[in-house]
$ cat start26.cif   # mmCIF, C-alpha atoms and all ligand atoms
data_run
loop_
_atom_site.label_atom_id
_atom_site.label_comp_id
_atom_site.auth_asym_id
_atom_site.auth_seq_id
_atom_site.Cartn_x
_atom_site.Cartn_y
_atom_site.Cartn_z
CA MET A 64 -9.78 2.44 -1.82
CA SER A 65 -12.18 2.31 -4.75
CA ILE A 66 -15.46 4.21 -4.83
CA PRO A 67 -18.42 1.77 -4.77
CA GLU A 68 -20.87 2.24 -7.61
CA GLY A 69 -23.47 4.93 -6.98
CA GLN A 70 -21.32 6.66 -4.37
CA SER A 71 -20.01 10.12 -5.18
CA SER A 72 -16.36 10.83 -5.92
CA SER A 73 -14.46 13.94 -4.90
CA LEU A 74 -12.84 14.06 -8.36
CA PHE A 75 -14.05 16.01 -11.39
CA PRO A 76 -15.83 13.57 -13.68
CA ASN A 77 -13.64 14.41 -16.73
CA TYR A 78 -12.58 10.78 -17.27
CA ALA A 79 -15.00 8.03 -18.33
CA ARG A 80 -13.41 5.35 -16.17
CA TYR A 81 -13.65 1.59 -16.74
CA PRO A 82 -15.12 -0.40 -13.84
CA ILE A 83 -11.71 -1.73 -12.78
CA THR A 84 -9.30 -0.68 -10.01
CA LEU A 85 -5.73 -1.74 -10.76
CA VAL A 86 -3.46 -2.13 -7.75
CA LYS A 87 -0.30 -3.95 -8.88
CA GLY A 88 1.79 -4.35 -12.00
CA GLN A 89 4.74 -6.49 -13.10
CA GLY A 90 6.06 -6.71 -16.66
CA SER A 91 3.13 -7.27 -19.04
CA TRP A 92 0.68 -8.02 -16.23
CA LEU A 93 -1.67 -6.04 -13.98
CA TRP A 94 -3.80 -7.13 -11.01
CA ASP A 95 -7.02 -5.50 -9.77
CA ASP A 96 -8.31 -5.11 -6.21
CA GLN A 97 -10.42 -8.28 -6.66
CA GLY A 98 -7.37 -10.40 -7.47
CA HIS A 99 -8.10 -10.64 -11.23
CA LYS A 100 -5.07 -10.71 -13.53
CA TYR A 101 -4.89 -8.80 -16.84
CA LEU A 102 -2.57 -8.95 -19.83
CA ASP A 103 -1.72 -5.30 -20.46
CA PHE A 104 -1.83 -4.34 -24.15
CA MET A 105 -2.21 -0.60 -23.52
CA SER A 106 0.75 0.25 -21.24
CA GLY A 107 -0.95 3.25 -19.61
CA ILE A 108 -1.36 4.58 -23.20
CA ALA A 109 2.20 4.02 -24.47
CA VAL A 110 3.83 5.04 -21.18
CA THR A 111 5.17 1.86 -19.57
CA ASN A 112 7.24 0.83 -22.60
CA LEU A 113 9.57 -1.17 -20.32
CA GLY A 114 6.63 -2.95 -18.67
CA HIS A 115 5.45 -2.37 -15.12
CA ALA A 116 8.00 -1.88 -12.33
CA PRO A 117 11.12 -2.24 -14.54
CA GLU A 118 13.97 -3.31 -12.26
CA LYS A 119 16.74 -0.94 -13.34
CA VAL A 120 14.52 2.15 -13.35
CA THR A 121 13.08 1.24 -9.95
CA ALA A 122 16.58 0.77 -8.50
CA LYS A 123 17.85 4.06 -9.91
CA LEU A 124 14.78 5.94 -8.64
CA LYS A 125 15.09 4.44 -5.16
CA ALA A 126 18.76 5.44 -4.98
CA GLN A 127 17.97 8.99 -6.14
CA LEU A 128 15.10 9.28 -3.61
CA ASP A 129 17.65 8.78 -0.83
CA GLU A 130 19.96 11.48 -2.25
CA LEU A 131 17.96 14.46 -3.52
CA TRP A 132 14.42 14.98 -4.83
CA HIS A 133 14.22 18.53 -6.08
CA VAL A 134 16.31 21.61 -6.66
CA SER A 135 15.40 24.63 -8.75
CA ASN A 136 16.52 24.97 -12.35
CA LEU A 137 18.42 28.02 -11.08
CA PHE A 138 21.13 25.45 -10.26
CA HIS A 139 23.09 22.91 -12.32
CA ILE A 140 21.46 19.47 -12.21
CA PRO A 141 23.87 16.67 -13.23
CA ASN A 142 21.13 14.10 -13.95
CA GLN A 143 19.41 16.61 -16.24
CA GLU A 144 22.68 17.28 -18.13
CA ASN A 145 23.33 13.56 -18.47
CA ALA A 146 19.78 12.76 -19.59
CA ALA A 147 20.01 15.51 -22.23
CA ALA A 148 23.42 14.25 -23.39
CA LEU A 149 22.00 10.72 -23.75
CA LEU A 150 19.11 12.06 -25.84
CA THR A 151 21.30 14.19 -28.12
CA ALA A 152 23.89 11.40 -28.51
CA ASN A 153 21.13 9.08 -29.72
CA SER A 154 19.17 11.47 -31.94
CA CYS A 155 19.58 14.22 -34.52
CA ALA A 156 18.87 16.90 -31.88
CA ASP A 157 21.47 19.14 -30.21
CA ALA A 158 19.56 20.65 -27.29
CA VAL A 159 16.87 19.50 -24.83
CA PHE A 160 14.31 21.24 -22.62
CA PHE A 161 12.68 19.07 -19.92
CA CYS A 162 9.10 19.51 -18.74
CA ASN A 163 6.38 17.31 -17.27
CA SER A 164 3.98 16.17 -19.99
CA GLY A 165 3.38 15.82 -23.71
CA ALA A 166 1.20 18.92 -23.87
CA GLU A 167 3.88 20.93 -22.12
CA ALA A 168 6.54 19.61 -24.52
CA ASN A 169 4.41 20.63 -27.52
CA GLU A 170 3.66 23.98 -25.91
CA ALA A 171 7.45 24.48 -25.63
CA ALA A 172 7.89 23.49 -29.29
CA ILE A 173 5.27 26.03 -30.40
CA LYS A 174 6.84 28.74 -28.22
CA LEU A 175 10.34 27.94 -29.53
CA ALA A 176 9.12 28.15 -33.15
CA ARG A 177 7.45 31.52 -32.53
CA ARG A 178 10.41 32.91 -30.62
CA TYR A 179 12.89 31.77 -33.26
CA HIS A 180 10.95 33.58 -35.97
CA GLN A 181 10.26 36.67 -33.86
CA LYS A 182 13.56 37.12 -32.01
CA VAL A 183 16.26 35.39 -34.06
CA LYS A 184 15.02 35.68 -37.65
CA GLY A 185 12.93 38.78 -37.11
CA THR A 186 10.20 37.58 -39.48
CA GLY A 187 7.38 37.99 -36.94
CA ARG A 188 5.89 34.67 -38.03
CA TYR A 189 3.72 32.80 -35.52
CA GLU A 190 1.29 30.44 -37.23
CA VAL A 191 1.55 26.66 -36.84
CA ILE A 192 -0.11 24.34 -39.37
CA THR A 193 -1.29 20.92 -38.12
CA PHE A 194 -3.47 18.11 -39.53
CA PHE A 195 -7.01 16.79 -39.10
CA GLN A 196 -7.25 13.82 -36.71
CA SER A 197 -4.01 14.80 -34.98
CA PHE A 198 -3.67 15.01 -31.20
CA HIS A 199 -1.22 17.37 -29.53
CA GLY A 200 -2.51 17.82 -25.97
CA ARG A 201 -5.04 19.54 -23.72
CA THR A 202 -3.58 22.95 -22.90
CA LEU A 203 -5.26 25.82 -24.73
CA ALA A 204 -2.51 26.09 -27.36
CA THR A 205 -2.13 22.35 -27.90
CA LEU A 206 -5.87 21.63 -28.06
CA THR A 207 -6.10 24.39 -30.64
CA ALA A 208 -3.28 22.70 -32.57
CA THR A 209 -5.15 19.38 -32.31
CA GLY A 210 -7.12 18.60 -35.47
CA GLN A 211 -10.20 17.24 -33.68
CA ASP A 212 -13.23 19.35 -32.73
CA LYS A 213 -14.19 17.21 -29.73
CA VAL A 214 -11.26 18.48 -27.61
CA LYS A 215 -12.22 22.13 -28.33
CA ASP A 216 -15.90 21.87 -27.35
CA GLY A 217 -16.80 24.54 -24.79
CA PHE A 218 -13.34 26.10 -24.55
CA LEU A 219 -13.77 29.19 -26.75
CA PRO A 220 -12.13 31.52 -27.50
CA LEU A 221 -9.15 29.57 -28.79
CA PRO A 222 -5.71 31.18 -29.10
CA ALA A 223 -4.85 32.62 -32.53
CA GLY A 224 -2.13 31.25 -34.77
CA PHE A 225 -3.23 27.72 -35.65
CA LYS A 226 -4.61 26.14 -38.80
CA SER A 227 -5.37 22.48 -39.60
CA VAL A 228 -5.57 20.82 -43.02
CA PRO A 229 -6.43 17.25 -44.13
CA LEU A 230 -3.60 14.72 -43.87
CA HIS A 231 -2.04 13.72 -47.21
CA ASP A 232 -3.62 16.71 -49.00
CA LEU A 233 -0.60 18.57 -50.36
CA ASP A 234 -2.65 21.18 -52.22
CA ALA A 235 -4.54 22.12 -49.04
CA LEU A 236 -1.25 22.31 -47.16
CA LYS A 237 0.39 24.53 -49.78
CA ALA A 238 -2.67 26.80 -49.80
CA ALA A 239 -2.48 27.13 -45.98
CA VAL A 240 1.12 28.42 -45.98
CA THR A 241 1.31 32.23 -45.75
CA ASP A 242 3.92 34.81 -44.74
CA LYS A 243 2.68 34.29 -41.17
CA THR A 244 3.48 30.55 -41.10
CA ALA A 245 6.20 29.64 -38.61
CA ALA A 246 6.04 25.83 -38.53
CA ILE A 247 4.33 22.63 -39.63
CA MET A 248 3.68 20.17 -36.80
CA LEU A 249 2.65 16.53 -37.08
CA GLU A 250 2.75 13.03 -35.60
CA LEU A 251 4.21 10.37 -37.92
CA VAL A 252 1.56 7.89 -36.86
CA LEU A 253 -1.59 9.77 -35.91
CA ALA A 254 -2.17 7.68 -32.82
CA GLU A 255 -5.26 9.02 -31.04
CA GLY A 256 -6.74 9.83 -34.47
CA GLY A 257 -6.95 6.18 -35.57
CA VAL A 258 -3.36 4.82 -35.85
CA LEU A 259 -2.78 6.44 -39.25
CA PRO A 260 0.82 6.25 -40.50
CA VAL A 261 1.97 9.27 -42.53
CA GLU A 262 3.04 8.41 -46.08
CA ALA A 263 6.75 8.88 -46.77
CA ASP A 264 6.09 10.88 -49.96
CA PHE A 265 3.86 13.29 -48.09
CA LEU A 266 6.48 13.82 -45.38
CA ARG A 267 9.12 14.49 -48.05
CA ALA A 268 6.79 17.05 -49.63
CA ILE A 269 6.32 18.72 -46.22
CA GLN A 270 10.07 18.83 -45.74
CA LYS A 271 10.51 20.45 -49.16
CA LEU A 272 7.81 23.01 -48.40
CA CYS A 273 9.52 23.84 -45.08
CA LYS A 274 12.84 24.42 -46.87
CA GLU A 275 11.27 26.59 -49.58
CA HIS A 276 9.41 28.84 -47.14
CA GLY A 277 11.79 28.83 -44.17
CA LEU A 278 9.36 26.94 -41.92
CA LEU A 279 10.31 24.78 -38.97
CA LEU A 280 9.37 21.10 -39.03
CA ILE A 281 8.05 19.92 -35.64
CA ILE A 282 7.43 16.20 -35.10
CA ASP A 283 5.25 15.22 -32.15
CA GLU A 284 6.82 11.95 -30.95
CA VAL A 285 4.99 11.93 -27.62
CA GLN A 286 3.37 8.58 -28.48
CA THR A 287 5.62 7.29 -31.29
CA GLY A 288 8.91 7.97 -29.48
CA MET A 289 10.97 5.86 -27.08
CA GLY A 290 11.26 2.71 -29.16
CA ARG A 291 7.52 2.20 -29.63
CA THR A 292 7.52 2.07 -33.45
CA GLY A 293 10.65 -0.06 -33.92
CA LYS A 294 13.16 2.82 -33.91
CA LEU A 295 14.08 4.97 -30.91
CA PHE A 296 12.18 7.80 -32.66
CA ALA A 297 9.66 7.32 -35.48
CA HIS A 298 11.26 9.95 -37.74
CA GLU A 299 14.26 7.60 -38.15
CA HIS A 300 12.01 5.35 -40.28
CA TYR A 301 11.62 8.21 -42.75
CA GLY A 302 15.29 9.24 -42.90
CA ILE A 303 14.48 12.84 -41.97
CA GLU A 304 15.79 15.16 -39.26
CA PRO A 305 13.09 17.39 -37.76
CA ASP A 306 14.08 20.84 -36.50
CA ILE A 307 12.15 20.14 -33.30
CA PHE A 308 10.62 17.00 -31.82
CA THR A 309 8.78 16.27 -28.60
CA LEU A 310 8.71 13.33 -26.19
CA ALA A 311 6.79 12.38 -23.06
CA LYS A 312 4.74 9.21 -22.50
CA GLY A 313 7.47 6.52 -22.60
CA ILE A 314 10.45 8.71 -21.73
CA ALA A 315 10.63 7.88 -18.01
CA SER A 316 8.67 4.61 -17.71
CA GLY A 317 5.74 6.29 -15.96
CA PHE A 318 7.44 9.06 -14.01
CA PRO A 319 5.70 12.23 -15.31
CA THR A 320 8.22 13.79 -17.70
CA GLY A 321 8.29 15.46 -21.10
CA ALA A 322 11.04 16.80 -23.33
CA MET A 323 11.35 19.17 -26.29
CA LEU A 324 14.42 18.64 -28.48
CA GLY A 325 15.82 20.92 -31.15
CA LYS A 326 18.64 21.59 -33.57
CA ALA A 327 21.63 23.74 -32.57
CA PHE A 328 20.50 26.73 -34.66
CA LEU A 329 17.45 27.07 -32.37
CA ARG A 330 19.48 27.36 -29.16
CA ASP A 331 19.55 31.16 -29.04
CA ALA A 332 15.76 31.38 -29.41
CA PHE A 333 15.38 30.10 -25.84
CA SER A 334 17.72 32.57 -24.14
CA ALA A 335 17.89 32.70 -20.33
CA GLY A 336 14.55 33.62 -18.77
CA SER A 337 12.48 33.06 -21.94
CA HIS A 338 10.86 29.79 -20.86
CA GLY A 339 10.83 27.46 -17.87
CA SER A 340 9.08 24.92 -15.66
CA THR A 341 9.49 24.45 -11.89
CA PHE A 342 9.45 20.65 -12.03
CA GLY A 343 11.11 20.25 -15.45
CA GLY A 344 14.01 17.80 -15.31
CA THR A 345 14.32 17.37 -11.53
CA PRO A 346 17.01 14.99 -10.21
CA ILE A 347 14.36 12.27 -9.73
CA ALA A 348 12.62 12.72 -13.10
CA THR A 349 15.88 12.69 -15.03
CA ALA A 350 17.18 9.68 -13.08
CA ALA A 351 14.13 7.87 -14.49
CA VAL A 352 14.88 9.20 -18.00
CA ILE A 353 18.51 8.01 -17.85
CA ALA A 354 17.60 4.56 -16.55
CA THR A 355 14.84 4.21 -19.16
CA ILE A 356 17.05 5.15 -22.13
CA GLU A 357 20.03 3.09 -20.94
CA THR A 358 17.80 0.04 -20.51
CA MET A 359 16.25 0.60 -23.94
CA LEU A 360 19.67 0.77 -25.63
CA GLU A 361 21.22 -2.12 -23.65
CA ASP A 362 18.31 -4.44 -24.39
CA ARG A 363 17.93 -3.21 -28.01
CA LEU A 364 14.25 -2.57 -27.39
CA PRO A 365 13.52 -0.56 -30.56
CA GLN A 366 14.66 -3.56 -32.63
CA ARG A 367 12.62 -5.86 -30.42
CA ALA A 368 9.57 -3.63 -30.96
CA ALA A 369 10.07 -3.95 -34.73
CA GLU A 370 10.29 -7.76 -34.52
CA MET A 371 7.41 -8.24 -32.09
CA GLY A 372 5.32 -5.66 -33.98
CA ALA A 373 5.77 -7.64 -37.20
CA TYR A 374 4.80 -10.84 -35.36
CA LEU A 375 1.74 -9.17 -33.80
CA LYS A 376 0.53 -7.87 -37.18
CA GLU A 377 1.15 -11.25 -38.81
CA GLN A 378 -0.86 -13.06 -36.10
CA LEU A 379 -3.68 -10.49 -36.23
CA THR A 380 -3.86 -10.81 -40.01
CA GLU A 381 -3.94 -14.61 -39.79
CA LYS A 382 -6.70 -14.70 -37.16
CA LEU A 383 -8.75 -11.63 -38.09
CA ALA A 384 -8.33 -10.60 -41.74
CA SER A 385 -11.22 -12.81 -42.91
CA ASN A 386 -13.61 -11.42 -40.26
CA PRO A 387 -16.23 -9.18 -41.95
CA HIS A 388 -16.09 -6.83 -38.95
CA VAL A 389 -12.36 -6.08 -39.54
CA LYS A 390 -11.56 -3.51 -42.24
CA ALA A 391 -7.82 -2.91 -41.80
CA ILE A 392 -4.83 -3.85 -39.64
CA ARG A 393 -2.09 -1.21 -39.62
CA GLY A 394 0.59 0.49 -37.58
CA LEU A 395 4.30 0.78 -36.98
CA GLY A 396 6.20 -1.50 -34.57
CA LEU A 397 4.19 -2.01 -31.40
CA LEU A 398 1.70 0.77 -32.15
CA VAL A 399 -0.98 -1.23 -33.92
CA GLY A 400 -4.54 -0.40 -34.96
CA ILE A 401 -7.40 -2.65 -36.03
CA GLU A 402 -10.05 -0.70 -37.91
CA CYS A 403 -13.50 -2.21 -37.51
CA ALA A 404 -16.74 -1.64 -39.36
CA GLU A 405 -18.50 -0.38 -36.22
CA PRO A 406 -17.77 1.26 -32.86
CA VAL A 407 -15.42 -0.85 -30.73
CA ASN A 408 -16.06 0.33 -27.19
CA ASP A 409 -18.07 -2.80 -26.31
CA LEU A 410 -15.14 -4.92 -27.50
CA VAL A 411 -12.84 -3.13 -25.06
CA LEU A 412 -15.19 -3.95 -22.16
CA GLU A 413 -15.56 -7.57 -23.28
CA GLY A 414 -11.76 -7.85 -23.58
CA GLN A 415 -11.42 -6.66 -19.98
CA LYS A 416 -13.83 -9.38 -18.82
CA ARG A 417 -11.61 -11.94 -20.56
CA GLY A 418 -8.42 -10.55 -19.01
CA LEU A 419 -7.02 -8.38 -21.83
CA LEU A 420 -6.57 -4.59 -21.62
CA PHE A 421 -6.48 -2.52 -24.81
CA ILE A 422 -7.86 0.83 -25.92
CA THR A 423 -9.49 2.60 -28.83
CA ALA A 424 -8.19 5.24 -31.26
CA GLY A 425 -11.32 7.03 -32.38
CA PRO A 426 -14.71 5.25 -32.40
CA ASN A 427 -13.95 2.35 -34.79
CA VAL A 428 -10.30 1.51 -34.18
CA ILE A 429 -8.84 -0.87 -31.58
CA ARG A 430 -5.37 0.25 -30.48
CA LEU A 431 -2.77 -2.20 -29.17
CA LEU A 432 0.24 -0.90 -27.22
CA PRO A 433 2.01 -3.76 -25.41
CA ASN A 434 5.30 -3.07 -23.62
CA LEU A 435 8.46 -3.56 -25.69
CA TYR A 436 9.52 -6.71 -23.81
CA VAL A 437 6.28 -8.46 -24.80
CA THR A 438 6.85 -12.13 -25.70
CA LYS A 439 5.44 -14.19 -28.57
CA GLU A 440 3.49 -16.25 -26.03
CA GLU A 441 1.87 -13.09 -24.65
CA ILE A 442 1.08 -11.90 -28.19
CA ASP A 443 -0.48 -15.31 -28.99
CA GLN A 444 -2.59 -15.06 -25.84
CA ALA A 445 -3.72 -11.49 -26.61
CA VAL A 446 -4.55 -12.27 -30.25
CA SER A 447 -6.52 -15.35 -29.18
CA ILE A 448 -8.62 -13.33 -26.70
CA LEU A 449 -9.08 -10.51 -29.21
CA ALA A 450 -10.12 -12.89 -32.00
CA GLY A 451 -12.63 -14.49 -29.62
CA VAL A 452 -14.06 -11.13 -28.60
CA ILE A 453 -14.45 -9.94 -32.20
CA HIS A 454 -15.77 -13.31 -33.40
CA ASP A 455 -18.42 -13.49 -30.65
CA HIS A 456 -19.43 -9.90 -31.32
CA THR A 457 -19.86 -10.64 -35.04
CA ALA A 458 -21.79 -13.85 -34.23
CA VAL A 459 -24.15 -11.98 -31.89
CA LYS A 460 -24.81 -9.41 -34.61
CA LYS A 461 -25.85 -12.19 -37.02
CA ASP A 462 -28.42 -13.69 -34.59
C1 LIG A 501 -0.62 11.84 -25.28
C2 LIG A 501 -0.20 12.75 -26.36
C3 LIG A 501 0.00 14.13 -26.12
C4 LIG A 501 -0.31 14.78 -24.79
O1 LIG A 501 0.48 14.30 -23.76
P1 LIG A 501 0.09 14.61 -22.23
O2 LIG A 501 1.24 14.06 -21.46
O3 LIG A 501 -1.21 13.93 -21.96
O4 LIG A 501 -0.04 16.08 -22.12
C5 LIG A 501 0.47 14.90 -27.17
N1 LIG A 501 0.73 14.37 -28.38
C6 LIG A 501 0.54 13.06 -28.63
C7 LIG A 501 0.87 12.53 -29.99
C8 LIG A 501 0.07 12.21 -27.64
O5 LIG A 501 -0.14 10.91 -27.92
#
$ encode --input "start26.cif" --output "structure tokens" --more "lines below"
Ligand SMILES: *Cc1c(COP(=O)(O)O)cnc(C)c1O
Amino acid sequence: MSIPEGQSSSLFPNYARYPITLVKGQGSWLWDDQGHKYLDFMSGIAVTNLGHAPEKVTAKLKAQLDELWHVSNLFHIPNQENAAALLTANSCADAVFFCNSGAEANEAAIKLARRYHQKVKGTGRYEVITFFQSFHGRTLATLTATGQDKVKDGFLPLPAGFKSVPLHDLDALKAAVTDKTAAIMLELVLAEGGVLPVEADFLRAIQKLCKEHGLLLIIDEVQTGMGRTGKLFAHEHYGIEPDIFTLAKGIASGFPTGAMLGKAFLRDAFSAGSHGSTFGGTPIATAAVIATIETMLEDRLPQRAAEMGAYLKEQLTEKLASNPHVKAIRGLGLLVGIECAEPVNDLVLEGQKRGLLFITAGPNVIRLLPNLYVTKEEIDQAVSILAGVIHDHTAVKKD
């Protein structure tokens, strides 16, 4: 049931919701309660990477629902072991901790970095350096790590032990490192912050700095992970191996799950009893993780994301590059941003009226996140609607 306009809701008003109630999804398509059909180029914000209601994941979840929903992490959980083994077999990581969200995965990464320095190395280091325009979550620690003031407004005092510096400013980064620094944490495409890819040279410099000072390198792959950028994990593009990386959004096709992955030398830092989560890696959640990863590998979805991402950018450039409203088209794989000269929120609403769902990344950037099975026909359709929306907006401005 949707709440008619003007009527009060029993929910906190912390989300500015669009005037649409979605009730069904299949593949790239969503339907609302009025029977309107939408082409989905946001995927629940990079969550439904396999599209809506993916067959294999649905089947595996249904089977697991009949067997066992939940047992405590005080017991062995075969699905959790198998999901972790799949992740380590297909990444540079050696160990996995399962949780329920991106913020919780980053929280675990921060805790692991502190505990490694304090309990294993005995250096007592605790500080984590992050970057302006980053986004790492909404818990107190992760919103403090986030390099955007808007998420901190009204939540003082913030926890100690975090510092942010401008992206691609190596001097500022070097100046921020002290004998208290434990880790440097970053996304490789700053997604919420405007779809800003990190330059390879800058990442190499960070890696060097980490080696010189004994710092841990944490990559937040909550949005860039799970095939989205054209590799299973975005750090593969850069040829680096982070000490820790985090996943959530696309990891279980929409079942709420997160994961923190680390190198073998970090294992002892999370000794028994040091960290935990009641719902982390339940039989159901990890059934969804296994089915999602297996499907992704079988159908070579990272490669598909690279191909379709290149096609999407090519089509956007062809149809939009000459528009005076469009300043830049950028991204990696199927995480694509269109930077405009002015705020884009009206364009999002107009897109919805014309049957296309997409989102923003900061005030002036349109963010496109189709599922990884998206077809060229669907891309053509989306680009055509988008070009129309932007063209009409520019034309109106001229009148
Ligand atoms: C969405 C996101 C988070 C937070 O994930 P939640 O599941 O909402 O807690 C953290 N980091 C990045 C890069 C994200 O995109």
$ closest_residue --input "start26.cif" --among "A:Ala404, A:Leu432, A:Val452, A:Val228" --to "A:Val110" --atoms "all atoms listed in the file"
A:Leu432
$ residues_around --input "start26.cif" --residues "stretch 312-325 of chain A" --least-positions-apart "3" --cutoff "8 Å" --atoms "only C-alpha atoms" --output "ChimeraX atom specification"
/A:108-114,117,120,156-165,167-169,171-172,285-286,288-289,305-309,329-330,343-344,348-349,351-356
$ atom_distance --input "start26.cif" --atom1 "atom CA of A:Glu170" --atom2 "atom CA of A:Thr209"
11.8 Å
$ atom_distance --input "start26.cif" --atom1 "atom CA of A:Gly396" --atom2 "atom CA of A:Gly293"
4.7 Å
$ atom_distance --input "start26.cif" --atom1 "atom CA of A:Val134" --atom2 "atom CA of A:Met359"
27.2 Å
$ closest_residue --input "start26.cif" --among "A:Ala223, A:Leu203, A:Ala254, A:Ala239" --to "ligand LIG 501 (chain A)" --atoms "only C-alpha atoms and all ligand atoms"
A:Ala254
$ residues_near_point --input "start26.cif" --point "(-2.9, 26.9, -47.3)" --cutoff "12 Å" --atoms "all atoms listed in the file" --output "ChimeraX atom specification"
/A:190-194,225-229,232-244,247,272
$ closest_residue --input "start26.cif" --among "A:Ala268, A:Leu137, A:Val183, A:Leu102" --to "A:Ser334" --atoms "all atoms listed in the file"
A:Val183
$ closest_residue --input "start26.cif" --among "A:Tyr436, A:Tyr101, A:Tyr179, A:Tyr78" --to "A:Asp362" --atoms "all atoms listed in the file"
A:Tyr436
$ closest_residue --input "start26.cif" --among "A:Arg267, A:Lys125, A:His199, A:Arg417" --to "A:Glu255" --atoms "only C-alpha atoms"
A:His199
